[in-house]
$ cat start13.txt   # compact mmCIF, C-alpha atoms
# COMPACT_ATOMS: atom_id res chain seq x y z
CA MET A 1 -2.22 29.91 -2.12
CA ASN A 2 -1.99 27.51 0.75
CA ILE A 3 -4.03 25.01 -1.25
CA LEU A 4 -1.71 25.31 -4.23
CA THR A 5 1.43 24.66 -2.19
CA GLN A 6 -0.27 21.78 -0.40
CA GLY A 7 -1.26 20.34 -3.77
CA PHE A 8 2.32 20.64 -4.99
CA TYR A 9 3.70 18.94 -1.87
CA SER A 10 1.18 16.11 -2.08
CA LEU A 11 2.00 15.57 -5.77
CA LEU A 12 5.68 15.07 -4.95
CA CYS A 13 4.85 12.99 -1.88
CA VAL A 14 2.74 10.62 -3.97
CA VAL A 15 5.45 10.42 -6.64
CA GLY A 16 7.88 9.38 -3.90
CA PHE A 17 5.57 6.67 -2.62
CA SER A 18 4.89 5.46 -6.17
CA VAL A 19 8.61 4.86 -6.60
CA ILE A 20 8.81 3.07 -3.25
CA PHE A 21 5.94 0.80 -4.35
CA ASN A 22 7.62 0.28 -7.76
CA LEU A 23 4.71 1.60 -9.81
CA PRO A 24 5.35 1.29 -13.58
CA LYS A 25 6.95 4.51 -14.81
CA ARG A 26 4.28 5.34 -17.41
CA LEU A 27 1.53 5.27 -14.77
CA ILE A 28 3.23 7.54 -12.22
CA PRO A 29 1.92 10.87 -13.64
CA LEU A 30 -1.69 9.72 -13.54
CA ALA A 31 -1.38 8.21 -10.06
CA SER A 32 0.27 11.29 -8.61
CA ILE A 33 -2.26 13.69 -10.10
CA ASN A 34 -4.92 11.45 -8.62
CA GLY A 35 -3.30 11.72 -5.21
CA MET A 36 -2.98 15.48 -5.58
CA ILE A 37 -6.66 15.97 -6.39
CA GLY A 38 -7.59 13.81 -3.40
CA TRP A 39 -5.35 15.80 -1.08
CA ILE A 40 -6.60 19.19 -2.32
CA ILE A 41 -10.16 18.08 -1.60
CA TYR A 42 -9.01 16.88 1.82
CA VAL A 43 -7.44 20.27 2.61
CA ILE A 44 -10.46 22.25 1.42
CA LEU A 45 -12.84 20.14 3.51
CA GLN A 46 -10.54 20.42 6.51
CA GLN A 47 -10.50 24.21 6.23
CA LEU A 48 -14.30 24.24 6.15
CA GLY A 49 -14.04 22.84 9.66
CA THR A 50 -15.81 19.52 9.27
CA SER A 51 -15.02 16.55 11.51
CA PHE A 52 -11.81 14.57 11.07
CA ILE A 53 -13.61 11.73 9.27
CA ILE A 54 -15.32 13.60 6.43
CA PRO A 55 -12.16 14.93 4.68
CA ALA A 56 -10.54 11.48 4.57
CA LEU A 57 -13.81 9.87 3.43
CA ILE A 58 -14.62 12.31 0.63
CA GLY A 59 -10.97 12.54 -0.39
CA SER A 60 -10.64 8.80 -0.77
CA ILE A 61 -13.96 8.59 -2.63
CA PHE A 62 -12.49 10.97 -5.19
CA VAL A 63 -9.18 9.07 -5.30
CA GLY A 64 -11.13 5.84 -5.76
CA ILE A 65 -13.36 7.16 -8.56
CA ILE A 66 -10.49 8.73 -10.48
CA GLY A 67 -8.39 5.61 -9.88
CA GLU A 68 -11.10 3.27 -11.17
CA ILE A 69 -11.74 5.40 -14.26
CA SER A 70 -8.04 5.60 -15.07
CA ALA A 71 -7.88 1.84 -14.54
CA ILE A 72 -10.52 1.33 -17.23
CA TYR A 73 -8.77 3.83 -19.48
CA LYS A 74 -5.29 2.28 -19.08
CA LYS A 75 -6.55 -1.35 -18.80
CA GLN A 76 -4.73 -1.89 -15.51
CA PRO A 77 -5.96 -2.95 -12.06
CA ALA A 78 -7.35 0.00 -10.11
CA THR A 79 -5.10 -0.71 -7.13
CA LEU A 80 -2.18 0.75 -9.04
CA PHE A 81 -3.78 4.19 -8.99
CA ILE A 82 -5.52 3.96 -5.63
CA ILE A 83 -2.69 2.74 -3.37
CA PRO A 84 -0.32 5.67 -3.98
CA GLY A 85 -3.26 8.09 -4.01
CA ILE A 86 -4.56 7.27 -0.54
CA ILE A 87 -1.15 7.27 1.15
CA PRO A 88 -1.28 10.97 2.21
CA PHE A 89 -4.49 10.24 4.14
CA VAL A 90 -2.97 7.37 6.12
CA PRO A 91 -2.87 8.54 9.74
CA GLY A 92 0.89 8.41 10.25
CA TYR A 93 0.77 11.20 12.79
CA GLY A 94 -2.08 9.54 14.62
CA ILE A 95 -0.16 6.28 14.97
CA TYR A 96 2.97 8.14 16.06
CA TYR A 97 1.17 10.23 18.68
CA THR A 98 -0.66 7.17 20.03
CA MET A 99 2.72 5.63 20.73
CA PHE A 100 4.10 8.92 22.02
CA HIS A 101 1.29 9.33 24.57
CA ILE A 102 1.68 5.73 25.72
CA ILE A 103 5.36 6.38 26.44
CA ASN A 104 4.40 9.44 28.46
CA ASN A 105 1.87 7.40 30.47
CA ASP A 106 -0.95 9.51 29.06
CA PHE A 107 -3.37 6.74 28.23
CA ILE A 108 -6.45 8.91 27.74
CA GLN A 109 -4.73 10.93 25.03
CA ALA A 110 -3.35 7.70 23.56
CA ALA A 111 -6.83 6.19 23.36
CA MET A 112 -8.10 9.36 21.71
CA SER A 113 -5.48 9.53 19.00
CA GLY A 114 -5.59 5.75 18.55
CA ALA A 115 -9.35 5.78 18.01
CA GLU A 116 -9.01 8.75 15.69
CA SER A 117 -6.43 6.96 13.53
CA LEU A 118 -8.54 3.81 13.43
CA PHE A 119 -11.58 5.75 12.29
CA ILE A 120 -9.58 7.61 9.67
CA ALA A 121 -8.34 4.25 8.35
CA ILE A 122 -11.91 2.91 8.28
CA SER A 123 -13.16 5.99 6.47
CA ILE A 124 -10.41 5.68 3.85
CA ALA A 125 -11.41 2.06 3.21
CA CYS A 126 -15.11 2.98 3.12
CA GLY A 127 -14.37 5.75 0.65
CA VAL A 128 -12.54 3.37 -1.67
CA VAL A 129 -15.32 0.78 -1.45
CA ILE A 130 -17.99 3.40 -2.16
CA ALA A 131 -15.99 4.65 -5.14
CA THR A 132 -15.57 1.13 -6.50
CA SER A 133 -19.30 0.47 -6.22
CA ILE A 134 -20.20 3.75 -7.91
CA VAL A 135 -17.83 3.10 -10.79
CA ARG A 136 -19.05 -0.48 -11.14
CA PHE A 137 -22.58 0.84 -11.47
CA PHE A 138 -21.63 3.32 -14.21
CA ARG A 139 -19.02 1.09 -15.84
CA PRO A 140 -20.83 0.37 -19.14
CA PHE A 141 -21.43 4.09 -19.61
CA ILE A 142 -17.79 5.00 -18.84
CA GLU A 143 -16.47 2.30 -21.14
CA ARG A 144 -18.66 3.52 -23.97
CA LYS A 145 -17.38 7.06 -23.44
CA ILE A 146 -13.75 5.94 -23.49
CA VAL A 147 -14.18 3.70 -26.52
CA THR A 148 -15.98 6.34 -28.58
CA LYS A 149 -13.24 8.85 -27.74
CA MET B 1 1.54 -27.16 -29.62
CA LYS B 2 0.92 -29.39 -26.65
CA GLU B 3 -2.12 -28.44 -24.66
CA LEU B 4 -1.87 -27.68 -21.00
CA SER B 5 -3.19 -30.34 -18.68
CA ILE B 6 -5.70 -29.24 -16.06
CA LYS B 7 -3.22 -29.70 -13.26
CA GLN B 8 -0.68 -27.54 -15.04
CA THR B 9 -3.31 -24.87 -15.61
CA ILE B 10 -4.20 -24.90 -11.93
CA SER B 11 -0.59 -24.60 -10.85
CA ILE B 12 0.03 -21.72 -13.25
CA ALA B 13 -3.10 -19.93 -12.03
CA LEU B 14 -2.08 -20.54 -8.44
CA GLU B 15 1.38 -19.17 -9.05
CA THR B 16 -0.06 -16.04 -10.65
CA GLY B 17 -2.41 -15.55 -7.72
CA LYS B 18 0.44 -16.05 -5.28
CA VAL B 19 2.56 -13.42 -6.98
CA MET B 20 -0.32 -10.94 -6.98
CA LEU B 21 -1.21 -11.55 -3.34
CA GLN B 22 2.40 -11.23 -2.21
CA ASN B 23 2.73 -7.84 -3.82
CA GLY B 24 -0.33 -6.17 -2.36
CA ALA B 25 -3.32 -7.03 -4.58
CA GLU B 26 -6.73 -7.19 -2.94
CA THR B 27 -8.15 -10.55 -1.89
CA TYR B 28 -11.17 -10.44 -4.17
CA ARG B 29 -9.01 -9.63 -7.20
CA VAL B 30 -6.76 -12.62 -6.53
CA GLU B 31 -9.79 -14.90 -6.15
CA GLU B 32 -11.31 -13.58 -9.35
CA THR B 33 -8.06 -13.92 -11.30
CA ILE B 34 -7.43 -17.53 -10.25
CA GLU B 35 -11.01 -18.53 -10.91
CA LYS B 36 -11.08 -16.92 -14.36
CA MET B 37 -7.75 -18.43 -15.35
CA ILE B 38 -8.79 -21.95 -14.37
CA SER B 39 -12.33 -21.85 -15.73
CA SER B 40 -11.08 -20.59 -19.09
CA LYS B 41 -9.46 -24.02 -19.62
CA HIS B 42 -11.61 -26.27 -17.46
CA ASN B 43 -15.42 -26.57 -17.27
CA SER B 44 -16.00 -28.01 -13.79
CA GLU B 45 -16.85 -25.75 -10.92
CA VAL B 46 -13.84 -24.04 -9.33
CA ASP B 47 -13.72 -22.81 -5.75
CA VAL B 48 -11.00 -20.45 -4.65
CA PHE B 49 -10.42 -19.31 -1.09
CA VAL B 50 -7.81 -16.67 -0.45
CA ILE B 51 -6.49 -15.22 2.76
CA SER B 52 -3.33 -13.19 3.09
CA THR B 53 -1.29 -16.19 4.26
CA GLY B 54 -2.58 -18.90 1.93
CA ILE B 55 -4.61 -19.90 -1.12
CA ILE B 56 -6.87 -22.95 -1.42
CA VAL B 57 -8.13 -24.05 -4.83
CA SER B 58 -10.56 -26.89 -5.21
CA THR B 59 -12.10 -28.38 -8.34
CA GLU B 60 -13.07 -31.68 -9.92
CA ILE B 61 -10.90 -33.53 -12.41
CA ASN B 62 -12.60 -36.55 -14.04
CA ASP B 63 -15.17 -36.63 -11.21
CA GLU B 64 -12.42 -36.80 -8.62
CA PRO B 65 -12.04 -33.90 -6.21
CA TYR B 66 -8.72 -32.12 -6.56
CA THR B 67 -7.62 -29.61 -3.96
CA ILE B 68 -4.38 -27.76 -3.66
CA VAL B 69 -3.11 -25.48 -0.91
CA GLU B 70 -0.46 -22.87 -1.37
CA ARG B 71 1.22 -21.22 1.59
CA ILE B 72 2.09 -17.56 1.10
CA PRO B 73 5.15 -16.19 2.86
CA SER B 74 5.07 -12.60 4.07
CA SER B 75 4.98 -9.90 1.49
CA SER B 76 5.95 -6.46 0.33
CA ILE B 77 4.30 -4.09 -2.14
CA ASP B 78 5.32 -4.06 -5.78
CA LEU B 79 2.77 -2.56 -8.12
CA GLU B 80 4.73 -3.34 -11.30
CA THR B 81 4.33 -7.04 -10.51
CA ILE B 82 0.58 -6.70 -10.01
CA SER B 83 0.26 -4.89 -13.32
CA ARG B 84 2.23 -7.60 -15.13
CA ALA B 85 0.41 -10.47 -13.45
CA ASN B 86 -2.87 -8.85 -14.42
CA SER B 87 -1.99 -8.60 -18.08
CA PHE B 88 -0.62 -12.16 -18.02
CA SER B 89 -3.88 -13.50 -16.61
CA ARG B 90 -5.77 -11.66 -19.33
CA LEU B 91 -3.53 -13.15 -22.00
CA PHE B 92 -3.79 -16.60 -20.45
CA THR B 93 -7.60 -16.61 -20.36
CA ASN B 94 -7.93 -15.39 -23.94
CA GLU B 95 -5.32 -17.51 -25.69
CA ASP B 96 -3.91 -21.01 -25.68
CA MET B 97 -0.46 -21.04 -24.24
CA SER B 98 2.17 -23.74 -23.95
CA LEU B 99 3.61 -24.63 -20.55
CA GLU B 100 7.03 -23.30 -21.54
CA ASP B 101 5.66 -19.92 -22.56
CA ALA B 102 3.57 -19.60 -19.42
CA THR B 103 6.48 -20.52 -17.14
CA LEU B 104 8.74 -18.12 -18.99
CA ILE B 105 6.31 -15.22 -18.58
CA LEU B 106 5.72 -16.11 -14.92
CA ASP B 107 9.46 -16.03 -14.25
CA GLY B 108 9.55 -12.60 -15.86
CA ILE B 109 6.74 -11.44 -13.59
CA LYS B 110 8.58 -12.63 -10.51
CA ASN B 111 11.63 -10.53 -11.39
CA PRO B 112 10.09 -7.26 -12.52
CA PRO B 113 12.20 -4.32 -13.63
CA LYS B 114 12.95 -2.15 -10.63
CA PHE B 115 13.96 1.46 -10.39
CA PRO B 116 17.73 1.91 -10.07
CA LEU B 117 18.68 2.02 -6.41
CA SER B 118 19.85 5.63 -6.48
CA ILE B 119 16.51 6.77 -7.90
CA ARG B 120 14.64 4.66 -5.36
CA TYR B 121 16.47 6.33 -2.47
CA ILE B 122 16.14 9.85 -3.87
CA PHE B 123 12.39 9.38 -4.23
CA SER B 124 11.87 7.65 -0.91
CA GLY B 125 13.36 10.75 0.68
CA MET B 126 10.78 12.79 -1.19
CA ALA B 127 7.97 10.59 0.11
CA GLY B 128 8.92 11.10 3.76
CA GLY B 129 10.02 14.72 3.38
CA PHE B 130 6.95 16.01 1.60
CA PHE B 131 4.69 14.15 3.99
CA VAL B 132 6.16 16.30 6.76
CA LEU B 133 5.44 19.42 4.72
CA LEU B 134 1.84 18.27 4.22
CA PHE B 135 1.40 18.37 7.98
CA GLN B 136 2.69 21.91 8.53
CA GLY B 137 6.37 21.10 8.86
CA ASN B 138 8.83 23.81 7.88
CA PHE B 139 11.70 23.66 5.41
CA GLN B 140 14.38 22.63 7.95
CA GLU B 141 12.20 19.74 9.10
CA PHE B 142 11.70 18.76 5.47
CA ILE B 143 15.46 18.45 4.96
CA MET B 144 15.88 16.39 8.12
CA ALA B 145 12.95 14.11 7.27
CA TYR B 146 14.30 13.72 3.74
CA ILE B 147 17.69 12.47 4.94
CA ALA B 148 16.13 10.30 7.64
CA SER B 149 13.72 8.68 5.14
CA VAL B 150 16.51 7.86 2.73
CA LEU B 151 18.51 6.22 5.50
CA THR B 152 15.48 4.35 6.84
CA VAL B 153 14.48 2.91 3.46
CA LEU B 154 18.10 1.98 2.77
CA LEU B 155 18.41 0.10 6.04
CA PHE B 156 14.98 -1.47 5.75
CA ASP B 157 15.89 -2.82 2.30
CA LYS B 158 18.99 -4.39 3.82
CA LEU B 159 16.88 -5.91 6.61
CA THR B 160 14.40 -7.34 4.10
CA LYS B 161 17.25 -9.19 2.40
CA LEU B 162 18.11 -10.91 5.71
CA SER B 163 14.61 -12.50 5.75
CA LEU B 164 14.03 -11.77 9.41
CA ASN B 165 10.76 -12.35 11.21
CA PHE B 166 8.43 -9.50 10.21
CA PHE B 167 7.91 -8.30 13.76
CA ILE B 168 11.63 -8.03 14.51
CA LYS B 169 12.21 -6.42 11.13
CA ASN B 170 9.67 -3.71 11.81
CA ILE B 171 11.00 -3.09 15.32
CA PHE B 172 14.36 -2.39 13.68
CA GLY B 173 12.60 -0.23 11.08
CA GLY B 174 10.94 1.93 13.73
CA PHE B 175 14.18 2.02 15.68
CA THR B 176 16.07 3.29 12.62
CA ALA B 177 13.43 5.89 11.78
CA ALA B 178 13.45 7.31 15.30
CA THR B 179 17.23 7.16 15.73
CA THR B 180 18.04 8.87 12.44
CA GLY B 181 15.32 11.45 13.03
CA LEU B 182 16.52 12.28 16.55
CA LEU B 183 20.20 12.33 15.63
CA LEU B 184 19.53 14.65 12.69
CA VAL B 185 17.53 17.02 14.89
CA LEU B 186 20.39 17.06 17.40
CA LEU B 187 22.95 17.56 14.64
CA PHE B 188 21.06 20.49 13.12
CA GLU B 189 20.53 21.94 16.60
CA PHE B 190 24.30 21.98 16.92
CA PHE B 191 24.43 24.31 13.90
CA GLY B 192 21.70 26.49 15.35
CA ILE B 193 18.85 25.15 13.18
CA HIS B 194 15.85 24.21 15.24
CA GLY B 195 13.46 21.37 14.35
CA ASP B 196 10.63 19.54 16.10
CA TYR B 197 11.65 15.90 16.43
CA ASN B 198 8.02 14.73 16.57
CA LYS B 199 7.45 16.01 13.07
CA VAL B 200 10.77 14.77 11.72
CA ILE B 201 10.31 11.19 12.93
CA VAL B 202 6.91 10.78 11.27
CA GLY B 203 8.44 11.31 7.80
CA PRO B 204 10.65 8.21 7.76
CA LEU B 205 8.02 6.34 9.76
CA MET B 206 5.47 6.92 6.98
CA THR B 207 7.63 4.94 4.56
CA LEU B 208 7.14 1.91 6.84
CA VAL B 209 3.56 2.37 8.10
CA PRO B 210 1.28 -0.46 6.85
CA GLY B 211 -1.28 1.88 5.33
CA VAL B 212 -1.98 -0.42 2.42
CA SER B 213 -2.56 -3.57 4.49
CA LEU B 214 -4.75 -1.58 6.85
CA THR B 215 -7.02 -0.15 4.18
CA ASN B 216 -7.04 -3.38 2.16
CA GLY B 217 -7.94 -5.28 5.34
CA ILE B 218 -10.82 -2.99 6.17
CA ARG B 219 -11.95 -3.15 2.54
CA ASP B 220 -12.07 -6.94 2.77
CA LEU B 221 -14.02 -6.76 6.01
CA ILE B 222 -16.54 -4.34 4.53
CA SER B 223 -17.06 -6.53 1.47
CA GLY B 224 -17.72 -9.58 3.66
CA GLU B 225 -14.38 -11.40 3.39
CA LEU B 226 -14.20 -11.68 7.16
CA ILE B 227 -11.29 -14.06 7.58
CA ALA B 228 -9.11 -12.54 4.88
CA GLY B 229 -9.84 -9.08 6.22
CA ASN B 230 -9.02 -10.13 9.75
CA ALA B 231 -5.70 -11.63 8.69
CA LYS B 232 -4.72 -8.45 6.86
CA MET B 233 -5.85 -6.21 9.73
CA MET B 234 -3.89 -8.28 12.24
CA GLU B 235 -0.81 -8.06 10.04
CA ALA B 236 -1.19 -4.28 9.83
CA LEU B 237 -1.83 -4.01 13.56
CA PHE B 238 1.23 -6.01 14.48
CA ILE B 239 3.43 -4.08 12.07
CA ALA B 240 2.17 -0.87 13.66
CA ILE B 241 2.84 -2.26 17.14
CA ALA B 242 6.35 -3.30 16.12
CA LEU B 243 7.07 0.14 14.67
CA ALA B 244 5.73 1.80 17.79
CA PHE B 245 7.92 -0.51 19.85
CA GLY B 246 11.03 0.51 17.92
CA VAL B 247 10.25 4.22 18.00
CA GLY B 248 9.18 4.00 21.63
CA MET B 249 12.44 2.44 22.75
CA VAL B 250 14.46 5.23 21.20
CA LEU B 251 12.22 8.00 22.52
CA GLN B 252 12.12 6.53 26.01
CA ILE B 253 15.92 6.47 26.16
CA ALA B 254 16.20 9.93 24.61
CA ILE B 255 13.68 11.47 27.01
CA ASN B 256 15.51 10.00 29.98
CA ILE B 257 18.92 11.24 28.79
CA ILE B 258 18.00 14.71 27.53

$ encode --input "start13.txt" --output "C-alpha cells"
Amino acid sequence: MNILTQGFYSLLCVVGFSVIFNLPKRLIPLASINGMIGWIIYVILQQLGTSFIIPALIGSIFVGIIGEISAIYKKQPATLFIIPGIIPFVPGYGIYYTMFHIINNDFIQAAMSGAESLFIAISIACGVVIATSIVRFFRPFIERKIVTK
Amino acid sequence: MKELSIKQTISIALETGKVMLQNGAETYRVEETIEKMISSKHNSEVDVFVISTGIIVSTEINDEPYTIVERIPSSSIDLETISRANSFSRLFTNEDMSLEDATLILDGIKNPPKFPLSIRYIFSGMAGGFFVLLFQGNFQEFIMAYIASVLTVLLFDKLTKLSLNFFIKNIFGGFTAATTGLLLVLLFEFFGIHGDYNKVIVGPLMTLVPGVSLTNGIRDLISGELIAGNAKMMEALFIAIALAFGVGMVLQIAINII
C-alpha cells in the first residue's frame, strides 16, 4: 500500500518537474512512468534496509535503461527521459540539512549529511552511466526488436 | 539551390550546439552533434571541444586551419529545445539545406513553444508539493509546499528575466523559498494547523536545486571529460552554496526572533 501511494506521488512529482523543464507534451507520460518505476524500486530497496547508496544507484540504473530504450523507440535524445526521472533521487533534503546544521554550528552533522548527499549524487550519475553503457552494448538487439514490432 | 559554404555550415553547427548546451544537454552529445553536422558537409578532420561555458571548433579549409570559439552564457533547462535541436541536426546531416531554411529552423528552435504560464505554475507546485510527500510529509505540509513552490518558481522566473549574476539570482531564489515556506508555516499555525518548516522549505527548494548540472557534471567526469565535468560540478556547487546562503539567512533570522 505504502509503495503504491509512493509510486503515485512520485508520478505526479515527475510530471511537475517535466513541466518545469518544458518537456514536450507527448513525451511526458513516458518520462513520468519512468520516474515512477525508478522511485518504486528505490522505496523497495530502502525498505529492505540496504545502505543509502544502493537504492539511488539501482533506481537510477533502471531509470537510465528505461530512458535509453524509450529514446530509441521515440527517436529522441535519452536525456529527455532521464532528467525528469532522476529528479526524485536528487538529495534535496541532504543539501538542506547540510546548510541547516552549518547554521546551528553543528559541523560534524553537516559534514555527514554533506558527504551523504555528495555520494548519492555520484551514485545517481554512476547509475545513469552504467545504464547507458548497458544499452549501448545491446543497442542492435533492441533496435531490431523495435523495428520488427 | 545555393550550397552552403563550409564556414556557414560550421556556424550553423556551432549555433545548434550552443542551443543544446545552454538547455541542459550533455557535453558528449553536443560534441557529437557538432562533429556530425560539420563532417556531413566537409571532409577534413574536425575537432570539437566543449565545456559548459564555451565551444571550440577547429578544422581545415583549403589547407588553412580555421578555428572558431563560441562563448556560452549561463543556462537554464529546456528539454523541448534539446529535442528540436536533435531532430534538426539529424535533418541537417541527412539532407542538403539552404542557408535560409537552416536559419529559419534555428530561430524556431531558439523560441520553442512553452507551456502557458498558468499551467507552468500549477505544475511547479505539484513538483515541490509531491516531493515533500515522497519524504514522509503529511497533507498539510503538502499544501504549504505547493503554495510555496508556486511562489518560488514565479519569483525565480521574474529574476531570470532581469539577467542577474547567477550567484545573486540563486541567493534570492533560496531566500524566497525559505521566506515563503516559513511564512506559510506561521500562517497555518495561526489557524491551528501544524507543519514542520524543515519539510516545507525543501519542496520549493527542490525546484531550484541544480540536480541536473550535478549529475551531468559527475557523468562527464566519469566518462573522462575532466574539464567539462569540473566546470559543470563547480556551477552546481556554487548554485547549491548560493541557495544555502539564501535559505540560511532567513533561518538564522527566524531562529533568533522566534

$ closest_residue --input "start13.txt" --among "B:Gly54, B:Gly192, B:Gly224, B:Gly24" --to "chain A" --atoms "only C-alpha atoms"
B:Gly24

$ atom_distance --input "start13.txt" --atom1 "CA of Cys126 (chain A)" --atom2 "CA of Ile222 (chain B)"
7.6 Å

$ residues_around --input "start13.txt" --residues "region 95-106 of chain B" --least-positions-apart "6" --cutoff "10 Å" --atoms "all atoms listed in the file" --output "JSON, numbers by chain"
{"B": [1, 2, 3, 4, 5, 8, 9, 12, 13, 15, 16, 19, 40, 41, 84, 85, 88]}

$ closest_residue --input "start13.txt" --among "B:Leu134, B:Ile56, B:Ile122, B:Val30" --to "Cys13 (chain A)" --atoms "only C-alpha atoms"
B:Leu134

$ axis_aligned_box --input "start13.txt" --around "region 141-145 of chain B" --padding-each-side "8 Å" --output "lines of an AutoDock Vina configuration file"
center_x = 13.8
center_y = 16.9
center_z = 7.0
size_x = 20.2
size_y = 21.6
size_z = 20.1

$ closest_atom_pairs --input "start13.txt" --of "chain B" --to "chain A" --cutoff "8 Å" --atoms "all atoms listed in the file" --output "tab-separated table"
residue	atom	partner	partner_atom	distance
B:Ala25	CA	A:Thr79	CA	7.0
B:Glu26	CA	A:Thr79	CA	7.9
B:Ile77	CA	A:Phe21	CA	5.6
B:Asp78	CA	A:Phe21	CA	5.1
B:Leu79	CA	A:Leu23	CA	4.9
B:Glu80	CA	A:Leu23	CA	5.2
B:Ile82	CA	A:Pro77	CA	7.8
B:Ser83	CA	A:Gln76	CA	6.2
B:Asn86	CA	A:Pro77	CA	7.1
B:Ser87	CA	A:Gln76	CA	7.7
B:Lys114	CA	A:Asn22	CA	6.5
B:Phe115	CA	A:Asn22	CA	7.0
B:Arg120	CA	A:Val19	CA	6.2
B:Phe123	CA	A:Gly16	CA	4.5
B:Ser124	CA	A:Gly16	CA	5.3
B:Gly125	CA	A:Gly16	CA	7.3
B:Met126	CA	A:Gly16	CA	5.2
B:Ala127	CA	A:Gly16	CA	4.2
B:Gly128	CA	A:Cys13	CA	7.2
B:Gly129	CA	A:Cys13	CA	7.6
B:Phe130	CA	A:Cys13	CA	5.1
B:Phe131	CA	A:Cys13	CA	6.0
B:Leu133	CA	A:Tyr9	CA	6.8
B:Leu134	CA	A:Gln6	CA	6.2
B:Val202	CA	A:Tyr93	CA	6.3
B:Leu205	CA	A:Gly92	CA	7.4
B:Met206	CA	A:Gly92	CA	5.8
B:Thr207	CA	A:Phe17	CA	7.7
B:Val209	CA	A:Gly92	CA	6.9
B:Gly211	CA	A:Val90	CA	5.8
B:Val212	CA	A:Ile83	CA	6.6
B:Leu214	CA	A:Ala121	CA	7.0
B:Thr215	CA	A:Ala125	CA	5.0
B:Asn216	CA	A:Ala125	CA	7.1
B:Ile218	CA	A:Ala125	CA	5.9
B:Arg219	CA	A:Ala125	CA	5.3
B:Ile222	CA	A:Cys126	CA	7.6
B:Ala240	CA	A:Ile95	CA	7.6
B:Ala244	CA	A:Met99	CA	5.7
B:Gly248	CA	A:Ile103	CA	6.6
B:Gln252	CA	A:Ile103	CA	6.8

$ atom_distance --input "start13.txt" --atom1 "CA of Ala115 (chain A)" --atom2 "CA of Val153 (chain B)"
28.1 Å

$ atom_distance --input "start13.txt" --atom1 "CA of Thr50 (chain A)" --atom2 "CA of Ile3 (chain A)"
16.7 Å

$ closest_residue --input "start13.txt" --among "A:Leu48, A:Pro140, A:Ala31, A:Gly114" --to "Gly64 (chain A)" --atoms "only C-alpha atoms"
A:Ala31

$ residues_around --input "start13.txt" --residues "region 130-139 of chain A" --least-positions-apart "2" --cutoff "10 Å" --atoms "all atoms listed in the file" --output "list of chain:residue names"
A:Leu57, A:Ile58, A:Ser60, A:Ile61, A:Phe62, A:Val63, A:Gly64, A:Ile65, A:Ile66, A:Gly67, A:Glu68, A:Ile69, A:Ile72, A:Ala78, A:Ile124, A:Ala125, A:Cys126, A:Gly127, A:Val128, A:Phe141, A:Ile142, A:Glu143, A:Arg144, A:Lys145

$ write_last_selection --input "start13.txt" --atoms "C-alpha atoms" --output "PDB file, in the coordinates of the input"
ATOM      1  CA  LEU A  57     -13.810   9.870   3.430  1.00  0.00           C
ATOM      2  CA  ILE A  58     -14.620  12.310   0.630  1.00  0.00           C
ATOM      3  CA  SER A  60     -10.640   8.800  -0.770  1.00  0.00           C
ATOM      4  CA  ILE A  61     -13.960   8.590  -2.630  1.00  0.00           C
ATOM      5  CA  PHE A  62     -12.490  10.970  -5.190  1.00  0.00           C
ATOM      6  CA  VAL A  63      -9.180   9.070  -5.300  1.00  0.00           C
ATOM      7  CA  GLY A  64     -11.130   5.840  -5.760  1.00  0.00           C
ATOM      8  CA  ILE A  65     -13.360   7.160  -8.560  1.00  0.00           C
ATOM      9  CA  ILE A  66     -10.490   8.730 -10.480  1.00  0.00           C
ATOM     10  CA  GLY A  67      -8.390   5.610  -9.880  1.00  0.00           C
ATOM     11  CA  GLU A  68     -11.100   3.270 -11.170  1.00  0.00           C
ATOM     12  CA  ILE A  69     -11.740   5.400 -14.260  1.00  0.00           C
ATOM     13  CA  ILE A  72     -10.520   1.330 -17.230  1.00  0.00           C
ATOM     14  CA  ALA A  78      -7.350   0.000 -10.110  1.00  0.00           C
ATOM     15  CA  ILE A 124     -10.410   5.680   3.850  1.00  0.00           C
ATOM     16  CA  ALA A 125     -11.410   2.060   3.210  1.00  0.00           C
ATOM     17  CA  CYS A 126     -15.110   2.980   3.120  1.00  0.00           C
ATOM     18  CA  GLY A 127     -14.370   5.750   0.650  1.00  0.00           C
ATOM     19  CA  VAL A 128     -12.540   3.370  -1.670  1.00  0.00           C
ATOM     20  CA  PHE A 141     -21.430   4.090 -19.610  1.00  0.00           C
ATOM     21  CA  ILE A 142     -17.790   5.000 -18.840  1.00  0.00           C
ATOM     22  CA  GLU A 143     -16.470   2.300 -21.140  1.00  0.00           C
ATOM     23  CA  ARG A 144     -18.660   3.520 -23.970  1.00  0.00           C
ATOM     24  CA  LYS A 145     -17.380   7.060 -23.440  1.00  0.00           C
TER      25      LYS A 145
END

$ residues_around --input "start13.txt" --residues "region 184-191 of chain B" --least-positions-apart "5" --cutoff "12 Å" --atoms "only C-alpha atoms" --output "list in words"
Gln140, Glu141, Phe142, Ile143, Met144, Ala145, Tyr146, Ile147, Ala148, Ser149, Leu151, Thr176, Ala177, Ala178, Thr179, Asp196, Tyr197, Asn198, Lys199, Val200, Ile201, Ala254 and Ile258 of chain B

$ closest_residue --input "start13.txt" --among "A:Ala56, A:Ile44, A:Leu30, A:Ala110" --to "Tyr73 (chain A)" --atoms "all atoms listed in the file"
A:Leu30

$ closest_residue --input "start13.txt" --among "B:Thr180, B:Ile61, B:Leu162, B:Ala228" --to "Glu31 (chain B)" --atoms "all atoms listed in the file"
B:Ala228
